[in-house]
$ cat final_36.txt   # compact mmCIF, C-alpha atoms
# COMPACT_ATOMS: atom_id res chain seq x y z
CA MET A 1 0.00 0.00 0.00
CA ARG A 2 0.90 3.64 -0.43
CA ILE A 3 0.38 5.38 2.89
CA LEU A 4 0.34 9.05 3.84
CA LEU A 5 1.49 9.18 7.47
CA THR A 6 1.04 12.17 9.76
CA ASN A 7 0.36 13.10 13.40
CA ASP A 8 -0.06 16.07 15.74
CA ASP A 9 2.81 15.36 18.16
CA GLY A 10 5.46 16.36 15.63
CA ILE A 11 7.66 14.58 13.13
CA GLN A 12 10.11 13.37 15.79
CA ALA A 13 7.44 11.81 18.02
CA VAL A 14 7.81 8.23 19.25
CA GLY A 15 4.46 7.11 17.89
CA LEU A 16 4.96 8.41 14.37
CA ARG A 17 8.44 6.93 14.10
CA ALA A 18 7.11 3.57 15.33
CA LEU A 19 4.39 3.55 12.67
CA TYR A 20 6.86 4.54 9.98
CA ASN A 21 9.14 1.66 10.91
CA ALA A 22 6.26 -0.81 11.08
CA PHE A 23 4.76 0.16 7.73
CA THR A 24 8.05 0.35 5.84
CA GLY A 25 9.21 -2.87 7.50
CA ALA A 26 6.07 -4.55 6.15
CA GLY A 27 6.93 -3.39 2.63
CA HIS A 28 4.57 -0.43 2.31
CA ASP A 29 5.45 2.82 0.55
CA VAL A 30 5.19 5.56 3.19
CA LEU A 31 5.13 9.31 2.64
CA CYS A 32 5.46 11.07 5.99
CA ALA A 33 4.23 14.67 6.21
CA ALA A 34 3.95 15.87 9.81
CA PRO A 35 4.22 19.08 11.83
CA ILE A 36 7.76 20.16 12.70
CA SER A 37 6.63 20.90 16.27
CA GLU A 38 3.84 19.60 18.49
CA MET A 39 0.35 20.62 17.38
CA SER A 40 -1.85 18.81 19.88
CA ALA A 41 -5.50 19.87 20.31
CA VAL A 42 -5.52 22.29 17.38
CA GLY A 43 -8.53 20.51 15.90
CA HIS A 44 -9.08 20.95 12.19
CA ALA A 45 -7.34 24.32 11.93
CA VAL A 46 -5.71 25.19 8.61
CA THR A 47 -3.16 27.90 7.86
CA LEU A 48 -4.51 30.74 5.73
CA SER A 49 -2.49 33.86 6.59
CA SER A 50 1.10 32.66 6.44
CA PRO A 51 3.16 30.40 4.17
CA LEU A 52 3.89 26.76 4.92
CA ARG A 53 7.56 25.84 4.99
CA VAL A 54 8.84 22.32 4.48
CA LYS A 55 11.98 20.75 5.93
CA ARG A 56 13.23 17.35 4.79
CA PHE A 57 14.14 14.86 7.51
CA GLN A 58 16.43 11.94 6.68
CA GLU A 59 17.97 10.05 9.60
CA ASN A 60 18.40 6.48 10.83
CA GLY A 61 16.36 4.98 8.01
CA PHE A 62 13.59 7.60 8.34
CA ARG A 63 12.54 9.98 5.59
CA GLY A 64 9.83 12.57 5.84
CA PHE A 65 8.68 16.15 5.45
CA GLY A 66 8.41 18.42 8.49
CA ILE A 67 5.84 21.13 7.87
CA SER A 68 5.39 24.45 9.68
CA GLY A 69 1.66 23.98 9.96
CA THR A 70 -1.19 22.05 11.52
CA PRO A 71 -1.97 18.35 11.08
CA ALA A 72 -4.72 19.20 8.60
CA ASP A 73 -2.22 21.37 6.69
CA CYS A 74 0.13 18.41 6.50
CA VAL A 75 -2.49 16.19 4.89
CA LYS A 76 -3.62 18.91 2.49
CA LEU A 77 -0.06 19.68 1.41
CA GLY A 78 0.93 16.04 1.36
CA LEU A 79 -1.93 15.08 -0.96
CA SER A 80 -1.71 18.09 -3.24
CA ALA A 81 2.02 18.79 -3.52
CA LEU A 82 4.26 16.17 -1.91
CA ALA A 83 2.74 12.81 -2.81
CA GLU A 84 3.56 11.19 -6.14
CA GLY A 85 0.16 9.75 -6.90
CA GLU A 86 -2.81 9.20 -4.61
CA PRO A 87 -2.17 7.13 -1.47
CA ASP A 88 -4.28 4.13 -0.59
CA LEU A 89 -4.60 5.11 3.06
CA VAL A 90 -4.12 8.11 5.36
CA VAL A 91 -2.87 7.21 8.85
CA SER A 92 -2.49 9.69 11.72
CA GLY A 93 -0.66 8.78 14.93
CA ILE A 94 0.28 7.09 17.12
CA ASN A 95 -0.83 9.95 19.36
CA ALA A 96 0.50 10.35 22.90
CA GLY A 97 -2.79 10.34 24.81
CA GLY A 98 -6.15 8.75 24.11
CA ASN A 99 -8.71 10.34 21.79
CA CYS A 100 -12.16 9.42 23.02
CA GLY A 101 -15.54 11.12 23.00
CA VAL A 102 -15.34 14.89 22.49
CA ASP A 103 -11.58 14.53 21.91
CA ILE A 104 -12.51 13.86 18.30
CA LEU A 105 -13.39 17.56 17.97
CA TYR A 106 -10.24 18.87 19.67
CA SER A 107 -7.74 16.34 18.39
CA GLY A 108 -5.25 17.24 15.68
CA THR A 109 -4.66 13.51 15.26
CA VAL A 110 -8.29 12.74 14.42
CA SER A 111 -8.61 15.93 12.36
CA ALA A 112 -5.66 14.94 10.18
CA ALA A 113 -7.31 11.60 9.43
CA THR A 114 -10.60 13.41 8.84
CA GLU A 115 -8.93 15.64 6.25
CA GLY A 116 -7.93 12.50 4.39
CA ALA A 117 -11.44 11.08 4.68
CA LEU A 118 -12.97 14.29 3.32
CA THR A 119 -11.07 13.69 0.08
CA GLY A 120 -12.59 10.22 -0.17
CA LEU A 121 -9.56 8.27 1.06
CA PRO A 122 -9.64 5.55 3.70
CA ALA A 123 -8.45 7.08 6.96
CA LEU A 124 -7.23 5.78 10.32
CA ALA A 125 -6.46 7.73 13.50
CA VAL A 126 -4.41 5.92 16.16
CA SER A 127 -3.80 6.91 19.79
CA TYR A 128 -2.22 5.47 22.93
CA ASP A 129 -3.74 6.26 26.32
CA HIS A 130 -0.63 7.74 27.94
CA PHE A 131 0.99 11.14 27.49
CA ASN A 132 4.61 9.95 27.72
CA PRO A 133 5.09 6.69 25.79
CA THR A 134 8.66 5.53 25.25
CA ASP A 135 8.20 2.53 22.94
CA LEU A 136 5.16 1.93 20.75
CA SER A 137 6.67 -0.62 18.40
CA GLU A 138 4.23 -3.36 19.50
CA GLN A 139 1.23 -1.15 18.89
CA ALA A 140 2.63 0.03 15.57
CA ALA A 141 3.13 -3.54 14.37
CA TRP A 142 -0.49 -4.30 15.36
CA VAL A 143 -1.68 -1.30 13.35
CA ALA A 144 0.34 -2.30 10.29
CA ASP A 145 -1.13 -5.81 10.40
CA PHE A 146 -4.66 -4.45 10.95
CA ALA A 147 -4.36 -2.01 8.04
CA ALA A 148 -3.14 -4.76 5.72
CA ARG A 149 -5.85 -7.25 6.71
CA LEU A 150 -8.87 -4.92 6.67
CA ASP A 151 -10.93 -4.80 3.48
CA TRP A 152 -11.00 -1.01 3.13
CA ASP A 153 -13.44 -1.23 0.20
CA ARG A 154 -16.10 -2.20 2.75
CA VAL A 155 -15.51 0.94 4.84
CA ARG A 156 -17.75 3.78 3.66
CA ARG A 157 -15.85 6.71 2.15
CA GLY A 158 -15.84 9.72 4.42
CA CYS A 159 -15.52 7.49 7.48
CA VAL A 160 -12.61 7.78 9.91
CA LEU A 161 -11.64 4.74 11.96
CA ASN A 162 -10.60 5.94 15.42
CA LEU A 163 -8.35 3.39 17.14
CA ASN A 164 -7.18 3.67 20.75
CA PHE A 165 -4.72 1.49 22.67
CA PRO A 166 -4.79 1.22 26.47
CA ALA A 167 -1.69 2.17 28.44
CA ARG A 168 -0.36 -1.33 28.93
CA PRO A 169 1.73 -3.88 27.03
CA LEU A 170 -0.06 -5.31 24.04
CA ALA A 171 -0.11 -8.79 25.60
CA GLY A 172 -1.96 -7.34 28.59
CA THR A 173 -4.84 -5.87 26.60
CA ARG A 174 -8.28 -7.47 26.73
CA GLY A 175 -8.77 -7.54 22.97
CA LEU A 176 -10.41 -5.33 20.37
CA ARG A 177 -13.87 -3.84 20.89
CA ILE A 178 -15.87 -2.03 18.22
CA CYS A 179 -17.76 0.64 20.10
CA ARG A 180 -19.41 4.06 20.02
CA HIS A 181 -17.76 7.17 21.37
CA THR A 182 -18.82 8.53 24.73
CA ARG A 183 -21.07 11.58 24.81
CA ALA A 184 -19.86 12.61 28.24
CA ALA A 185 -18.03 15.94 28.24
CA TYR A 186 -14.93 16.96 30.14
CA ARG A 187 -15.13 18.51 33.58
CA ASP A 188 -12.51 21.20 33.13
CA TRP A 189 -10.56 23.35 35.55
CA TYR A 190 -7.56 25.66 35.40
CA ASP A 191 -4.63 25.40 37.76
CA ARG A 192 -3.58 28.87 38.87
CA ARG A 193 0.22 29.07 39.00
CA THR A 194 3.04 31.58 39.21
CA ASP A 195 6.05 31.66 36.89
CA PRO A 196 9.65 32.24 38.11
CA ARG A 197 9.19 35.99 37.65
CA GLY A 198 6.14 36.10 39.87
CA ARG A 199 3.59 36.45 37.09
CA GLU A 200 0.33 34.52 37.23
CA TYR A 201 -0.67 32.02 34.56
CA PHE A 202 -3.29 29.29 34.12
CA TRP A 203 -2.92 25.67 32.99
CA LEU A 204 -5.91 23.71 31.68
CA ASP A 205 -6.70 20.31 33.18
CA GLY A 206 -9.78 18.14 33.22
CA VAL A 207 -11.32 14.68 33.23
CA ILE A 208 -14.31 12.92 31.73
CA PRO A 209 -16.23 11.98 34.91
CA PRO A 210 -16.23 8.17 35.18
CA GLU A 211 -19.74 8.15 36.64
CA GLN A 212 -21.06 9.69 33.41
CA LEU A 213 -19.62 6.99 31.17
CA SER A 214 -21.76 4.31 29.61
CA PRO A 215 -20.00 0.92 29.84
CA ASP A 216 -20.15 0.30 26.08
CA THR A 217 -18.32 3.49 25.06
CA ASP A 218 -14.73 4.08 24.03
CA ARG A 219 -13.52 5.88 27.16
CA ALA A 220 -14.94 3.27 29.54
CA LEU A 221 -13.65 0.30 27.53
CA LEU A 222 -10.22 1.86 27.03
CA SER A 223 -9.87 2.39 30.77
CA GLU A 224 -10.73 -1.28 31.28
CA GLY A 225 -7.85 -2.36 29.04
CA TYR A 226 -9.56 -2.90 25.70
CA ILE A 227 -8.29 -1.71 22.33
CA THR A 228 -11.19 0.39 21.03
CA LEU A 229 -12.21 1.04 17.45
CA THR A 230 -14.91 3.56 16.60
CA PRO A 231 -16.03 4.39 13.05
CA LEU A 232 -16.69 8.13 12.87
CA ARG A 233 -18.78 10.06 10.38
CA PHE A 234 -18.91 13.82 10.34
CA ASP A 235 -22.55 14.55 9.66
CA PHE A 236 -23.46 17.02 12.40
CA THR A 237 -27.10 17.44 11.38
CA ASP A 238 -29.55 16.79 14.24
CA TYR A 239 -32.35 15.18 12.27
CA GLU A 240 -34.78 15.00 15.21
CA VAL A 241 -34.49 18.73 15.84
CA ALA A 242 -34.81 19.34 12.09
CA GLU A 243 -38.23 17.68 12.17
CA VAL A 244 -39.24 19.84 15.16
CA LEU A 245 -38.12 22.95 13.31
CA LYS A 246 -40.05 21.96 10.19
CA ASP A 247 -43.18 21.60 12.31
CA ALA A 248 -42.55 24.90 14.07
CA ALA A 249 -41.82 26.68 10.81
CA GLY A 250 -45.08 25.38 9.36
CA LYS A 251 -47.07 26.73 12.29
CA ILE A 252 -45.34 30.10 12.08
CA THR A 253 -46.18 30.29 8.37
CA GLU A 254 -49.83 29.44 9.06
CA ARG A 255 -50.07 32.19 11.68
CA GLY A 256 -48.44 34.68 9.30

$ encode --input "final_36.txt" --output "structure tokens"
Amino acid sequence: MRILLTNDDGIQAVGLRALYNAFTGAGHDVLCAAPISEMSAVGHAVTLSSPLRVKRFQENGFRGFGISGTPADCVKLGLSALAEGEPDLVVSGINAGGNCGVDILYSGTVSAATEGALTGLPALAVSYDHFNPTDLSEQAAWVADFAARLDWDRVRRGCVLNLNFPARPLAGTRGLRICRHTRAAYRDWYDRRTDPRGREYFWLDGVIPPEQLSPDTDRALLSEGYITLTPLRFDFTDYEVAEVLKDAAGKITERG
């Protein structure tokens, strides 16, 4: 397969390098186009008011393009200017930190895969439920095998597969679960701190409250040690409310 590989943790991140090694080791043709620096939680932002600059990376068997932009920028530029021919698959990850529930709106990792899906390409976002992984070679090998075995023609175009690994050795996981994403939102707070010069600043923190989680959702299953896989589609229309509005609009018209 020809694979466009990206992430939001930056081109030197452990997870991206692990995926690159796994895919190339399995004989796939990999074009890596990733942010030069970390771009976590930028969502689907794209760069409009400044140029994108590209730096070539070639080291220890790795080759890729570092881009001075967002994850979505990387996919756009990769597909339109850097790739020689259309890839068979867009893969984003492996992200440091899980991407469950509302994370799919914040996540640069998921957004990069979504950008690929919007062009009609099969797309896979991959995350690991720990912010400081040191070795993700096992998980990367699992992903490479999964991507090769899956019949992508049966996955509807425009769909993003969102894959999350629990923070444990692969042998210690409880298996793969296909599941829905949680609808529970974060309970956020800001830590108030003081820098070395005595100036105040704030640092965002938060959790998805465990008591609000349904047991069959990604966040709950991931915390229990399962590998979770959620097919995502980005149709934000609330069809039930649309019917209510149609009814309300009809009554307003009758009164008018």

$ atom_distance --input "final_36.txt" --atom1 "atom CA of A:Ala41" --atom2 "atom CA of A:Gly175"
27.7 Å

$ closest_residue --input "final_36.txt" --among "A:Asp235, A:Arg187, A:Pro35, A:Asp29" --to "A:Leu204" --atoms "only C-alpha atoms"
A:Arg187

$ residues_around --input "final_36.txt" --residues "A:Arg177" --least-positions-apart "5" --cutoff "12 Å" --atoms "only C-alpha atoms" --output "PyMOL selection string"
chain A and resi 162-166+215-222+224-231

$ residues_around --input "final_36.txt" --residues "stretch 148-152 of chain A" --least-positions-apart "3" --cutoff "12 Å" --atoms "all atoms listed in the file" --output "list in words"
Met1, Arg2, Ile3, Ala22, Phe23, Ala26, Gly27, His28, Asp88, Leu89, Val90, Gly120, Leu121, Pro122, Ala123, Leu124, Ala141, Trp142, Val143, Ala144, Asp145, Val155, Arg156, Arg157, Gly158, Cys159, Val160 and Leu161 of chain A

$ atom_distance --input "final_36.txt" --atom1 "atom CA of A:Tyr106" --atom2 "atom CA of A:Gly43"
4.5 Å

$ residues_near_point --input "final_36.txt" --point "(-21.2, 11.2, 29.9)" --cutoff "6 Å" --atoms "all atoms listed in the file" --output "list in words"
Arg183, Ala184, Ala185, Gln212 and Leu213 of chain A

$ closest_residue --input "final_36.txt" --among "A:Asn7, A:Asn99, A:Ile104, A:Thr24" --to "A:Ala72" --atoms "all atoms listed in the file"
A:Asn7

$ closest_residue --input "final_36.txt" --among "A:Asp238, A:Asp135, A:Glu211, A:Asp195" --to "A:Leu19" --atoms "all atoms listed in the file"
A:Asp135

$ residues_around --input "final_36.txt" --residues "A:Thr134" --least-positions-apart "6" --cutoff "10 Å" --atoms "all atoms listed in the file" --output "ChimeraX atom specification"
/A:13-15,96
